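Shown below: upload_23.txt, with compact mmCIF, C-alpha atoms and all ligand atoms.
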```txt
# COMPACT_ATOMS: atom_id res chain seq x y z
CA VAL A 1 -26.33 -17.80 13.85
CA LEU A 2 -22.88 -16.68 12.83
CA SER A 3 -20.66 -18.91 10.74
CA ILE A 4 -17.09 -18.31 9.61
CA GLU A 5 -16.23 -19.87 6.26
CA PRO A 6 -13.70 -19.63 3.43
CA LEU A 7 -14.75 -17.40 0.52
CA ASP A 8 -14.06 -18.41 -3.09
CA PRO A 9 -12.97 -15.33 -5.08
CA TRP A 10 -13.46 -17.26 -8.36
CA ASP A 11 -17.21 -17.22 -7.73
CA ASP A 12 -18.45 -13.93 -9.23
CA GLY A 13 -21.36 -13.70 -6.78
CA VAL A 14 -19.11 -14.26 -3.76
CA LEU A 15 -16.57 -11.78 -5.09
CA ALA A 16 -19.27 -9.10 -5.49
CA GLU A 17 -20.55 -9.82 -1.98
CA LEU A 18 -17.15 -9.66 -0.33
CA TYR A 19 -16.20 -6.54 -2.24
CA ALA A 20 -19.41 -4.81 -1.09
CA VAL A 21 -18.57 -5.57 2.56
CA TYR A 22 -14.98 -4.37 2.13
CA ARG A 23 -15.98 -1.16 0.35
CA GLU A 24 -18.70 -0.21 2.81
CA SER A 25 -16.45 -0.88 5.79
CA ASP A 26 -13.37 0.78 4.34
CA ARG A 27 -15.21 4.04 3.62
CA HIS A 28 -17.42 4.23 6.69
CA GLY A 29 -16.58 7.36 8.66
CA VAL A 30 -13.32 7.77 6.72
CA ARG A 31 -12.88 11.07 4.87
CA PHE A 32 -9.73 10.10 2.96
CA PRO A 33 -10.10 6.41 2.10
CA THR A 34 -7.88 4.68 -0.47
CA THR A 35 -10.31 1.88 -1.29
CA TRP A 36 -9.34 -0.60 -3.99
CA THR A 37 -11.69 -0.97 -6.93
CA LEU A 38 -13.55 -4.21 -7.66
CA GLU A 39 -11.43 -4.74 -10.79
CA GLU A 40 -8.23 -4.44 -8.74
CA MET A 41 -9.47 -6.76 -6.04
CA ARG A 42 -10.65 -9.35 -8.55
CA VAL A 43 -7.21 -9.59 -10.12
CA ASP A 44 -5.44 -9.56 -6.75
CA LEU A 45 -7.55 -12.39 -5.31
CA ARG A 46 -7.52 -14.48 -8.48
CA THR A 47 -3.80 -14.33 -9.16
CA THR A 48 -1.96 -17.57 -8.56
CA SER A 49 1.57 -16.59 -7.68
CA GLU A 50 4.72 -18.26 -6.39
CA PHE A 51 5.50 -15.08 -4.43
CA VAL A 52 2.32 -14.36 -2.50
CA ARG A 53 -0.82 -16.26 -1.52
CA THR A 54 -4.12 -14.74 -0.44
CA VAL A 55 -6.88 -16.37 1.60
CA THR A 56 -10.25 -14.76 2.28
CA VAL A 57 -12.72 -15.81 4.95
CA GLY A 58 -16.18 -14.45 5.64
CA ALA A 59 -18.60 -14.16 8.55
CA ARG A 60 -22.22 -14.92 7.66
CA ALA A 61 -25.19 -14.07 9.85
CA ASP A 62 -28.11 -16.21 8.73
CA GLY A 63 -26.45 -16.53 5.34
CA ARG A 64 -25.73 -12.83 4.81
CA LEU A 65 -22.11 -11.80 4.58
CA VAL A 66 -21.43 -9.27 7.36
CA GLY A 67 -17.66 -9.39 7.72
CA ILE A 68 -14.55 -10.54 5.90
CA ALA A 69 -10.89 -11.11 6.65
CA GLY A 70 -8.17 -11.15 4.03
CA ILE A 71 -4.86 -12.86 4.68
CA GLU A 72 -1.74 -12.30 2.60
CA LEU A 73 1.19 -14.67 2.90
CA ALA A 74 4.54 -13.82 1.37
CA LEU A 75 6.03 -17.08 0.02
CA ARG A 76 9.68 -16.14 -0.64
CA ASP A 77 10.48 -13.82 2.28
CA ASN A 78 9.08 -12.99 5.71
CA LEU A 79 7.99 -16.61 6.09
CA ASP A 80 7.11 -16.21 9.77
CA GLN A 81 4.71 -13.34 9.06
CA ALA A 82 1.31 -12.59 7.51
CA ASP A 83 -0.76 -9.50 6.76
CA VAL A 84 -4.36 -9.60 7.91
CA ASP A 85 -7.17 -7.16 7.07
CA VAL A 86 -10.51 -7.45 8.87
CA HIS A 87 -13.71 -5.65 7.83
CA VAL A 88 -17.12 -5.73 9.46
CA ARG A 89 -20.16 -3.95 8.02
CA PRO A 90 -20.85 -0.87 10.15
CA ALA A 91 -24.31 -2.06 11.25
CA TRP A 92 -22.78 -5.32 12.55
CA ARG A 93 -19.88 -3.92 14.56
CA ARG A 94 -19.28 -4.29 18.31
CA ARG A 95 -20.78 -7.77 18.46
CA GLY A 96 -17.58 -9.76 18.46
CA ILE A 97 -17.53 -10.47 14.72
CA GLY A 98 -14.18 -8.78 14.08
CA ARG A 99 -12.64 -10.75 16.91
CA ARG A 100 -14.14 -14.04 15.65
CA LEU A 101 -12.74 -13.41 12.18
CA ALA A 102 -9.31 -12.53 13.55
CA GLU A 103 -9.23 -15.59 15.79
CA HIS A 104 -10.16 -17.78 12.83
CA CYS A 105 -7.24 -16.24 10.89
CA ALA A 106 -4.94 -16.94 13.85
CA VAL A 107 -5.73 -20.66 13.65
CA LEU A 108 -5.03 -20.69 9.90
CA LEU A 109 -1.77 -18.79 10.38
CA ARG A 110 -0.53 -21.06 13.15
CA ALA A 111 -1.13 -24.03 10.86
CA GLU A 112 1.03 -22.31 8.24
CA GLY A 113 3.81 -21.70 10.74
CA ARG A 114 3.27 -17.95 10.79
CA THR A 115 3.88 -16.49 14.22
CA THR A 116 3.70 -12.72 13.58
CA TRP A 117 0.78 -10.83 12.09
CA ASN A 118 0.61 -7.33 10.67
CA GLY A 119 -2.27 -4.96 10.08
CA TRP A 120 -2.49 -1.69 8.13
CA VAL A 121 -4.99 0.28 10.13
CA PRO A 122 -6.53 3.66 9.38
CA GLY A 123 -5.97 6.20 12.15
CA ARG A 124 -7.61 9.54 12.84
CA GLU A 125 -7.70 12.50 10.49
CA VAL A 126 -4.88 14.92 11.29
CA ASP A 127 -7.29 17.62 12.46
CA ALA A 128 -9.37 15.29 14.66
CA PRO A 129 -8.74 15.83 18.40
CA ASP A 130 -5.63 14.15 19.84
CA GLY A 131 -6.50 10.81 21.35
CA THR A 132 -9.26 10.05 18.83
CA THR A 133 -9.08 6.28 18.35
CA THR A 134 -10.47 4.36 15.38
CA PRO A 135 -12.21 0.96 15.61
CA GLY A 136 -9.29 -0.72 13.86
CA GLU A 137 -6.88 0.61 16.49
CA HIS A 138 -9.17 -0.68 19.26
CA LEU A 139 -9.29 -4.12 17.67
CA CYS A 140 -5.50 -4.27 17.25
CA ARG A 141 -4.94 -3.41 20.91
CA ALA A 142 -7.56 -5.93 21.98
CA LEU A 143 -5.66 -8.59 20.00
CA GLY A 144 -2.26 -7.69 21.47
CA LEU A 145 -0.74 -5.96 18.43
CA ARG A 146 1.48 -2.90 18.89
CA LEU A 147 1.84 0.17 16.72
CA GLY A 148 5.16 -0.47 14.97
CA LEU A 149 5.19 2.48 12.59
CA LEU A 150 3.01 5.56 12.29
CA ASP A 151 2.44 6.74 8.72
CA VAL A 152 0.88 9.98 7.53
CA GLN A 153 -1.26 10.18 4.41
CA ARG A 154 -0.59 13.35 2.43
CA ARG A 155 -2.40 14.66 -0.63
CA LEU A 156 -1.25 17.00 -3.37
CA ALA A 157 -3.70 18.94 -5.55
CA LEU A 158 -3.04 18.64 -9.31
CA PRO A 159 -1.85 20.19 -11.48
CA VAL A 160 1.23 21.56 -9.76
CA PRO A 161 2.23 24.77 -11.59
CA ASP A 162 5.11 24.12 -14.00
CA ALA A 163 7.06 27.09 -12.66
CA HIS A 164 7.07 25.50 -9.19
CA LEU A 165 8.31 22.16 -10.57
CA ASP A 166 10.94 23.96 -12.68
CA ARG A 167 12.31 25.73 -9.61
CA LEU A 168 12.41 22.56 -7.48
CA ALA A 169 14.07 20.57 -10.28
CA ALA A 170 16.66 23.27 -10.92
CA ASP A 171 17.54 23.57 -7.21
CA ALA A 172 17.96 19.79 -6.98
CA ALA A 173 19.90 19.42 -10.25
CA ALA A 174 22.77 21.52 -8.94
CA HIS A 175 23.41 18.75 -6.38
CA HIS A 176 23.65 15.77 -8.73
CA PRO A 177 25.74 16.54 -11.78
CA GLY A 178 26.50 13.34 -13.64
CA TYR A 179 23.26 11.61 -12.62
CA GLU A 180 20.71 10.96 -15.33
CA LEU A 181 16.96 10.51 -14.82
CA LEU A 182 15.39 7.73 -16.92
CA GLN A 183 11.69 6.96 -17.16
CA TRP A 184 9.49 4.18 -18.42
CA VAL A 185 5.82 3.24 -18.36
CA ASP A 186 4.67 -0.24 -17.23
CA ARG A 187 7.35 -2.63 -18.52
CA CYS A 188 10.82 -2.28 -17.06
CA PRO A 189 13.39 -2.37 -19.88
CA ASP A 190 15.37 -5.65 -19.74
CA GLU A 191 18.65 -3.83 -19.15
CA HIS A 192 17.36 -2.36 -15.84
CA VAL A 193 15.62 -5.43 -14.42
CA ASP A 194 18.33 -6.52 -11.96
CA ALA A 195 19.00 -3.02 -10.64
CA TYR A 196 15.30 -2.24 -10.40
CA CYS A 197 14.66 -5.48 -8.47
CA ALA A 198 17.45 -4.52 -6.07
CA LEU A 199 15.73 -1.17 -5.47
CA LYS A 200 12.36 -2.87 -4.89
CA ALA A 201 13.93 -5.36 -2.47
CA ALA A 202 15.77 -2.71 -0.46
CA MET A 203 12.60 -0.88 0.55
CA ASN A 204 11.91 -2.73 3.81
CA SER A 205 15.41 -2.22 5.21
CA GLN A 206 16.14 1.21 3.72
CA ALA A 207 12.92 3.05 4.54
CA PRO A 208 12.23 3.84 8.21
CA ALA A 209 10.50 0.84 9.78
CA GLY A 210 10.09 2.09 13.35
CA ASP A 211 9.61 -0.86 15.69
CA LEU A 212 8.48 -3.23 12.93
CA THR A 213 10.45 -6.40 12.31
CA LEU A 214 10.50 -6.95 8.54
CA GLU A 215 12.81 -8.77 6.16
CA ASP A 216 13.59 -7.42 2.73
CA GLU A 217 11.23 -8.73 0.07
CA HIS A 218 12.53 -11.18 -2.51
CA TRP A 219 12.48 -9.52 -5.96
CA ASP A 220 13.70 -11.18 -9.13
CA GLU A 221 12.76 -10.95 -12.79
CA ALA A 222 9.92 -13.45 -12.45
CA ARG A 223 8.35 -11.46 -9.64
CA LEU A 224 8.80 -8.16 -11.44
CA ARG A 225 7.21 -9.49 -14.64
CA GLU A 226 4.38 -11.03 -12.63
CA SER A 227 3.74 -7.74 -10.83
CA GLU A 228 3.67 -5.93 -14.18
CA ALA A 229 1.10 -8.41 -15.51
CA VAL A 230 -1.03 -7.98 -12.37
CA LEU A 231 -0.87 -4.20 -12.68
CA GLY A 232 -1.86 -4.38 -16.34
CA ASP A 233 -4.78 -6.74 -15.69
CA SER A 234 -5.95 -4.44 -12.87
CA GLY A 235 -5.99 -1.37 -15.10
CA ARG A 236 -3.09 0.20 -13.23
CA THR A 237 -0.38 2.04 -15.13
CA ARG A 238 2.99 2.39 -13.40
CA TYR A 239 5.21 5.35 -14.23
CA ALA A 240 8.75 4.61 -13.12
CA CYS A 241 11.59 7.10 -12.82
CA VAL A 242 15.13 6.00 -11.90
CA ALA A 243 18.38 7.87 -11.31
CA ARG A 244 21.41 6.46 -13.14
CA ALA A 245 24.71 7.30 -11.44
CA PRO A 246 27.86 8.28 -13.33
CA ASP A 247 29.11 4.65 -12.90
CA GLY A 248 25.96 3.31 -14.57
CA SER A 249 24.31 1.89 -11.44
CA LEU A 250 20.78 2.84 -10.41
CA GLY A 251 20.83 4.97 -7.26
CA GLY A 252 17.13 5.48 -6.67
CA HIS A 253 13.64 5.36 -8.07
CA ASN A 254 10.12 6.70 -7.82
CA GLU A 255 6.85 5.05 -8.84
CA LEU A 256 3.52 6.74 -9.57
CA VAL A 257 0.46 4.64 -10.35
CA VAL A 258 -2.61 5.75 -12.30
CA ALA A 259 -5.56 3.39 -11.96
CA ALA A 260 -8.03 3.28 -14.84
CA HIS A 261 -10.91 2.20 -12.61
CA ASP A 262 -10.20 4.79 -9.91
CA PRO A 263 -10.74 8.25 -11.39
CA GLY A 264 -9.21 11.27 -9.67
CA ALA A 265 -6.28 9.90 -7.75
CA VAL A 266 -2.69 9.22 -8.67
CA TYR A 267 -0.93 6.97 -6.15
CA GLN A 268 2.64 7.45 -5.06
CA TRP A 269 4.22 4.04 -4.47
CA ASP A 270 7.91 3.55 -3.63
CA THR A 271 10.43 6.34 -3.48
CA LEU A 272 13.92 5.21 -2.53
CA VAL A 273 17.47 6.49 -2.82
CA LEU A 274 20.12 3.94 -1.82
CA PRO A 275 22.48 5.06 0.99
CA ALA A 276 25.51 5.39 -1.32
CA HIS A 277 23.58 7.88 -3.46
CA ARG A 278 22.05 10.06 -0.75
CA GLY A 279 22.84 13.73 -0.29
CA HIS A 280 22.32 14.63 -3.96
CA ARG A 281 18.64 15.65 -3.74
CA LEU A 282 17.75 12.72 -5.94
CA GLY A 283 14.55 12.14 -3.97
CA MET A 284 13.28 15.56 -5.03
CA ALA A 285 14.56 15.19 -8.59
CA LEU A 286 12.90 11.79 -9.08
CA LYS A 287 9.58 12.94 -7.66
CA VAL A 288 9.42 16.13 -9.66
CA ALA A 289 10.35 14.45 -12.94
CA ASN A 290 7.79 11.70 -12.52
CA LEU A 291 5.08 14.11 -11.41
CA ARG A 292 5.66 16.23 -14.47
CA THR A 293 5.22 13.22 -16.75
CA VAL A 294 2.10 11.96 -15.03
CA GLN A 295 0.28 15.26 -14.82
CA ALA A 296 0.96 15.92 -18.50
CA ALA A 297 -0.29 12.45 -19.47
CA HIS A 298 -3.33 12.63 -17.17
CA PRO A 299 -4.74 16.17 -17.03
CA GLU A 300 -8.01 14.68 -15.69
CA ARG A 301 -6.42 13.56 -12.40
CA THR A 302 -7.12 15.83 -9.42
CA HIS A 303 -4.68 14.72 -6.71
CA VAL A 304 -1.76 12.52 -5.65
CA VAL A 305 -1.93 10.33 -2.54
CA THR A 306 1.19 9.38 -0.60
CA PHE A 307 1.98 7.65 2.71
CA ASN A 308 5.21 8.28 4.64
CA ALA A 309 6.48 7.35 8.07
CA ALA A 310 5.86 10.37 10.30
CA SER A 311 9.51 10.00 11.38
CA ASN A 312 10.85 10.18 7.80
CA ALA A 313 11.93 13.83 8.01
CA GLN A 314 13.71 13.94 4.65
CA MET A 315 10.93 12.43 2.59
CA VAL A 316 8.32 14.52 4.38
CA ALA A 317 10.33 17.71 3.73
CA VAL A 318 10.49 16.88 0.01
CA ASN A 319 6.75 16.24 -0.09
CA GLU A 320 5.90 19.43 1.80
CA ALA A 321 8.10 21.48 -0.55
CA ILE A 322 6.25 20.05 -3.55
CA GLY A 323 2.93 20.95 -1.91
CA PHE A 324 1.65 17.74 -0.28
CA ARG A 325 -0.41 18.33 2.88
CA PRO A 326 -1.25 15.83 5.64
CA VAL A 327 -4.82 14.52 5.85
CA SER A 328 -4.81 11.45 8.10
CA TYR A 329 -2.77 8.85 9.93
CA MET A 330 -2.25 5.18 9.08
CA GLY A 331 -0.75 2.70 11.50
CA GLU A 332 1.37 -0.34 10.72
CA TRP A 333 0.60 -2.71 13.60
CA GLN A 334 2.42 -5.94 14.43
CA GLY A 335 2.12 -8.64 17.07
CA PRO A 336 2.40 -12.33 17.89
CA VAL A 337 -0.27 -14.61 16.44
CA PRO A 338 -2.06 -15.94 19.54
CA ALA A 339 -1.75 -19.67 20.12
C1 LIG A 401 -12.06 -3.02 13.28
C2 LIG A 401 -13.33 -3.81 12.99
C3 LIG A 401 -12.98 -4.95 12.06
C4 LIG A 401 -13.87 -4.35 14.33
O1 LIG A 401 -14.98 -5.21 14.06
P1 LIG A 401 -16.05 -5.52 15.21
O2 LIG A 401 -16.84 -6.67 14.75
O3 LIG A 401 -16.76 -4.29 15.61
O4 LIG A 401 -15.06 -5.97 16.41
P2 LIG A 401 -15.48 -6.78 17.73
O5 LIG A 401 -16.89 -6.50 18.08
O6 LIG A 401 -15.09 -8.21 17.55
O7 LIG A 401 -14.52 -6.12 18.80
C5 LIG A 401 -13.38 -6.80 19.33
C6 LIG A 401 -12.70 -5.87 20.31
O8 LIG A 401 -12.12 -4.77 19.61
C7 LIG A 401 -12.29 -3.58 20.41
N1 LIG A 401 -13.13 -2.63 19.64
C8 LIG A 401 -13.58 -2.80 18.38
N2 LIG A 401 -14.25 -1.68 17.97
C9 LIG A 401 -14.21 -0.81 19.00
C10 LIG A 401 -14.70 0.50 19.16
N3 LIG A 401 -15.39 1.14 18.21
N4 LIG A 401 -14.47 1.13 20.35
C11 LIG A 401 -13.79 0.49 21.34
N5 LIG A 401 -13.31 -0.76 21.22
C12 LIG A 401 -13.51 -1.41 20.07
C13 LIG A 401 -12.91 -3.99 21.71
O9 LIG A 401 -11.86 -4.29 22.60
C14 LIG A 401 -13.63 -5.24 21.28
O10 LIG A 401 -13.81 -6.14 22.35
P3 LIG A 401 -15.05 -5.91 23.34
O11 LIG A 401 -16.25 -5.64 22.48
O12 LIG A 401 -15.10 -7.22 24.06
O13 LIG A 401 -14.70 -4.75 24.19
C15 LIG A 401 -14.42 -2.92 12.33
O14 LIG A 401 -14.63 -1.78 13.14
C16 LIG A 401 -14.05 -2.47 10.94
O15 LIG A 401 -14.36 -3.15 9.96
N6 LIG A 401 -13.35 -1.31 10.82
C17 LIG A 401 -12.85 -0.83 9.53
C18 LIG A 401 -11.69 -1.67 8.98
C19 LIG A 401 -10.51 -1.74 9.91
O16 LIG A 401 -10.04 -0.77 10.48
N7 LIG A 401 -9.98 -2.97 10.05
C20 LIG A 401 -8.83 -3.24 10.86
C21 LIG A 401 -7.69 -3.43 9.93
S1 LIG A 401 -6.87 -4.96 10.28
```

Target encoding structure tokens, full file:
Amino acid sequence: VLSIEPLDPWDDGVLAELYAVYRESDRHGVRFPTTWTLEEMRVDLRTTSEFVRTVTVGARADGRLVGIAGIELALRDNLDQADVDVHVRPAWRRRGIGRRLAEHCAVLLRAEGRTTWNGWVPGREVDAPDGTTTPGEHLCRALGLRLGLLDVQRRLALPVPDAHLDRLAADAAAHHPGYELLQWVDRCPDEHVDAYCALKAAMNSQAPAGDLTLEDEHWDEARLRESEAVLGDSGRTRYACVARAPDGSLGGHNELVVAAHDPGAVYQWDTLVLPAHRGHRLGMALKVANLRTVQAAHPERTHVVTFNAASNAQMVAVNEAIGFRPVSYMGEWQGPVPA
């Protein structure tokens, strides 16, 4: 018998069980996974926040956990939406468990007044034959979601030779005299908090969103400080690089994250240059400066992982020039929560 039930992440045994299902599912048949570590998931699921709420439900077959669904609800923006992530252990797939979990989530979301759901779904590797479809894509279609934005995962082997970074930085610098690159690790200096929050908030509307409907996220000092605490507790170190314009405003930023519990990878998070500051090759300058810092601080790291919209020609061109190469697709799916 299959039962669907809420899972309590504060219970160490339940957390270990749900993490094992997630990890096995996330890596099954996937050559370039970006699986969270247990330490990261523990902090994420146990954080009580006024900005985001998580709910986890599980599917048990005769008591054994065989599938999970994680729901994330933004509490200060995008109040009609929710992100949902469903995982079923490979040996238990194609028996309707993924659908049961998703339908259970739909009932919970309706009760919360959320009418749109989103899924981040791994697609095929770039060198797999065209038309190769992953189980997650099948499930999304079966549930009436549509592909709103196609992302490409790229990877960059480290270290990048200094001479290459020097050349890229010098080429870019000629286009932004008067701009200054500033960097910090982990805690945003107080003087930059407002401008940095504005950069974080602008991401949804200023990065290509394809056919997705998304509101800007709400970012203020409380949220920024909370996110820094969560990163710290998770063992993640954020390297931030920002471009200060001649008038003192911040025109763009770049974030690289090094996770203590996840050896090997460095993760590229946001890169953004605000419209008023575009055309000065700040995207390249920010990336190169931050990369230089991180690879010097972490000689043990072997590669950087980044995701970009396939349609984001400028960002992709910067990444390709640095040496990033595509490995796989990732889809951002969206659809109405069924009644
Ligand atoms: C996606 C996933 C959750 C599906 O779980 P599942 O228990 O196998 O799904 P179900 O058996 O309930 O399938 C529901 C429907 O999805 C579709 N589907 C799911 N897997 C499929 C596959 N491999 N091939 C074709 N269709 C598939 C079918 O339409 C299916 O309905 P049907 O069996 O009546 O034809 C599971 O494959 C998984 O954990 N994948 C990795 C994580 C992931 O991609 N999650 C989605 C992110 S939100």

What separates atom CA of A:Val258 and atom CA of A:Thr293 is a distance of 11.7 Å

Enumerate, in order of chain and increasing residue number, the residues of chain A with an atom no farther than 7 Å from ligand LIG 401 (chain A), each with its shortest atom pair and distance in Å to one decimal, counting all atoms listed in the file, as JSON lines.
```
{"residue": "A:Ser25", "atom": "CA", "partner": "A:LIG401", "partner_atom": "O15", "distance": 5.2}
{"residue": "A:Asp26", "atom": "CA", "partner": "A:LIG401", "partner_atom": "C17", "distance": 5.5}
{"residue": "A:Val84", "atom": "CA", "partner": "A:LIG401", "partner_atom": "S1", "distance": 5.8}
{"residue": "A:Asp85", "atom": "CA", "partner": "A:LIG401", "partner_atom": "S1", "distance": 3.9}
{"residue": "A:Val86", "atom": "CA", "partner": "A:LIG401", "partner_atom": "S1", "distance": 4.6}
{"residue": "A:His87", "atom": "CA", "partner": "A:LIG401", "partner_atom": "O15", "distance": 3.3}
{"residue": "A:Val88", "atom": "CA", "partner": "A:LIG401", "partner_atom": "O15", "distance": 3.8}
{"residue": "A:Arg89", "atom": "CA", "partner": "A:LIG401", "partner_atom": "O15", "distance": 6.2}
{"residue": "A:Pro90", "atom": "CA", "partner": "A:LIG401", "partner_atom": "O15", "distance": 6.9}
{"residue": "A:Trp92", "atom": "CA", "partner": "A:LIG401", "partner_atom": "O2", "distance": 6.5}
{"residue": "A:Arg93", "atom": "CA", "partner": "A:LIG401", "partner_atom": "O3", "distance": 3.3}
{"residue": "A:Arg94", "atom": "CA", "partner": "A:LIG401", "partner_atom": "O5", "distance": 3.3}
{"residue": "A:Arg95", "atom": "CA", "partner": "A:LIG401", "partner_atom": "O5", "distance": 4.1}
{"residue": "A:Gly96", "atom": "CA", "partner": "A:LIG401", "partner_atom": "O6", "distance": 3.1}
{"residue": "A:Ile97", "atom": "CA", "partner": "A:LIG401", "partner_atom": "O2", "distance": 3.9}
{"residue": "A:Gly98", "atom": "CA", "partner": "A:LIG401", "partner_atom": "O2", "distance": 3.5}
{"residue": "A:Arg99", "atom": "CA", "partner": "A:LIG401", "partner_atom": "O6", "distance": 3.6}
{"residue": "A:Arg100", "atom": "CA", "partner": "A:LIG401", "partner_atom": "O6", "distance": 6.2}
{"residue": "A:Gly119", "atom": "CA", "partner": "A:LIG401", "partner_atom": "S1", "distance": 4.6}
{"residue": "A:Trp120", "atom": "CA", "partner": "A:LIG401", "partner_atom": "C21", "distance": 5.8}
{"residue": "A:Val121", "atom": "CA", "partner": "A:LIG401", "partner_atom": "C21", "distance": 4.6}
{"residue": "A:Pro122", "atom": "CA", "partner": "A:LIG401", "partner_atom": "O16", "distance": 5.8}
{"residue": "A:Thr134", "atom": "CA", "partner": "A:LIG401", "partner_atom": "N3", "distance": 6.5}
{"residue": "A:Pro135", "atom": "CA", "partner": "A:LIG401", "partner_atom": "N2", "distance": 4.1}
{"residue": "A:Gly136", "atom": "CA", "partner": "A:LIG401", "partner_atom": "O16", "distance": 3.5}
{"residue": "A:Glu137", "atom": "CA", "partner": "A:LIG401", "partner_atom": "O16", "distance": 6.9}
{"residue": "A:His138", "atom": "CA", "partner": "A:LIG401", "partner_atom": "C7", "distance": 4.4}
{"residue": "A:Leu139", "atom": "CA", "partner": "A:LIG401", "partner_atom": "O8", "distance": 3.5}
{"residue": "A:Ala142", "atom": "CA", "partner": "A:LIG401", "partner_atom": "O9", "distance": 4.6}
```

Since we have the selection now, will you write its residues out, keeping C-alpha atoms, as a compact mmCIF listing (two decimals), keeping the file's coordinate frame?
```
# COMPACT_ATOMS: atom_id res chain seq x y z
CA SER A 25 -16.45 -0.88 5.79
CA ASP A 26 -13.37 0.78 4.34
CA VAL A 84 -4.36 -9.60 7.91
CA ASP A 85 -7.17 -7.16 7.07
CA VAL A 86 -10.51 -7.45 8.87
CA HIS A 87 -13.71 -5.65 7.83
CA VAL A 88 -17.12 -5.73 9.46
CA ARG A 89 -20.16 -3.95 8.02
CA PRO A 90 -20.85 -0.87 10.15
CA TRP A 92 -22.78 -5.32 12.55
CA ARG A 93 -19.88 -3.92 14.56
CA ARG A 94 -19.28 -4.29 18.31
CA ARG A 95 -20.78 -7.77 18.46
CA GLY A 96 -17.58 -9.76 18.46
CA ILE A 97 -17.53 -10.47 14.72
CA GLY A 98 -14.18 -8.78 14.08
CA ARG A 99 -12.64 -10.75 16.91
CA ARG A 100 -14.14 -14.04 15.65
CA GLY A 119 -2.27 -4.96 10.08
CA TRP A 120 -2.49 -1.69 8.13
CA VAL A 121 -4.99 0.28 10.13
CA PRO A 122 -6.53 3.66 9.38
CA THR A 134 -10.47 4.36 15.38
CA PRO A 135 -12.21 0.96 15.61
CA GLY A 136 -9.29 -0.72 13.86
CA GLU A 137 -6.88 0.61 16.49
CA HIS A 138 -9.17 -0.68 19.26
CA LEU A 139 -9.29 -4.12 17.67
CA ALA A 142 -7.56 -5.93 21.98
```

Protein and nucleic acid residues near (18.3, 13.4, -4.4) (cut-off 12 Å, all atoms listed in the file) as a ChimeraX atom specification
/A:168-177,179-181,242-245,251-254,271-289,314-315,318

Under the rule of at most 9 Å, produce a per-residue listing of stretch 184-298 of chain A near stretch 40-44 of chain A: chain, number, name, the closest pair of atoms, and the distance in Å, as JSON lines, using all atoms listed in the file.
```
{"residue": "A:Val230", "atom": "CA", "partner": "A:Val43", "partner_atom": "CA", "distance": 6.8}
{"residue": "A:Leu231", "atom": "CA", "partner": "A:Glu40", "partner_atom": "CA", "distance": 8.4}
{"residue": "A:Asp233", "atom": "CA", "partner": "A:Val43", "partner_atom": "CA", "distance": 6.7}
{"residue": "A:Ser234", "atom": "CA", "partner": "A:Glu40", "partner_atom": "CA", "distance": 4.7}
{"residue": "A:Gly235", "atom": "CA", "partner": "A:Glu40", "partner_atom": "CA", "distance": 7.4}
{"residue": "A:Arg236", "atom": "CA", "partner": "A:Glu40", "partner_atom": "CA", "distance": 8.3}
{"residue": "A:Ala259", "atom": "CA", "partner": "A:Glu40", "partner_atom": "CA", "distance": 8.9}
{"residue": "A:His261", "atom": "CA", "partner": "A:Glu40", "partner_atom": "CA", "distance": 8.1}
```

Name the residues in contact with stretch 63-79 of chain A at a cut-off of 9 Å, using only C-alpha atoms, excluding same-chain residues fewer than 5 positions from it; report them as an MDAnalysis selection string.
chainID A and resid 1:4 7 17:18 21:22 25 49:58 84:92 97:98 101:102 105 109 113:114 214:219

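Taking atom CA of A:Asp270 as the reference point, atom CA of A:Val304 is found at 13.3 Å.
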
Exercise on stretch 303-313 of chain A, axis-aligned box with 3 Å per side, report centre and edge lengths in Å to one decimal, as lines of an AutoDock Vina configuration file:
```
center_x = 3.6
center_y = 11.0
center_z = 2.3
size_x = 22.6
size_y = 13.4
size_z = 24.1
```

Could I see stretch 205-212 of chain A restored to N, CA and C atoms, set down as a short mmCIF file (atom, residue, chain, number, x, y, z; two decimals), in the frame of the given file?
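The result, stored in selection36.cif:
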```
data_model
loop_
_atom_site.label_atom_id
_atom_site.label_comp_id
_atom_site.auth_asym_id
_atom_site.auth_seq_id
_atom_site.Cartn_x
_atom_site.Cartn_y
_atom_site.Cartn_z
N SER A 205 14.31 -2.54 4.31
CA SER A 205 15.41 -2.22 5.21
C SER A 205 15.89 -0.78 5.07
N GLN A 206 15.60 -0.14 3.93
CA GLN A 206 16.14 1.21 3.72
C GLN A 206 15.16 2.34 4.01
N ALA A 207 13.87 2.02 4.13
CA ALA A 207 12.92 3.05 4.54
C ALA A 207 12.72 2.89 6.05
N PRO A 208 12.41 3.98 6.76
CA PRO A 208 12.23 3.84 8.21
C PRO A 208 11.16 2.79 8.52
N ALA A 209 11.46 1.90 9.45
CA ALA A 209 10.50 0.84 9.78
C ALA A 209 10.05 0.92 11.24
N GLY A 210 10.53 1.95 11.96
CA GLY A 210 10.09 2.09 13.35
C GLY A 210 10.41 0.84 14.14
N ASP A 211 9.42 0.34 14.87
CA ASP A 211 9.61 -0.86 15.69
C ASP A 211 9.16 -2.13 14.97
N LEU A 212 8.90 -2.04 13.67
CA LEU A 212 8.48 -3.23 12.93
C LEU A 212 9.67 -4.14 12.67
#
```
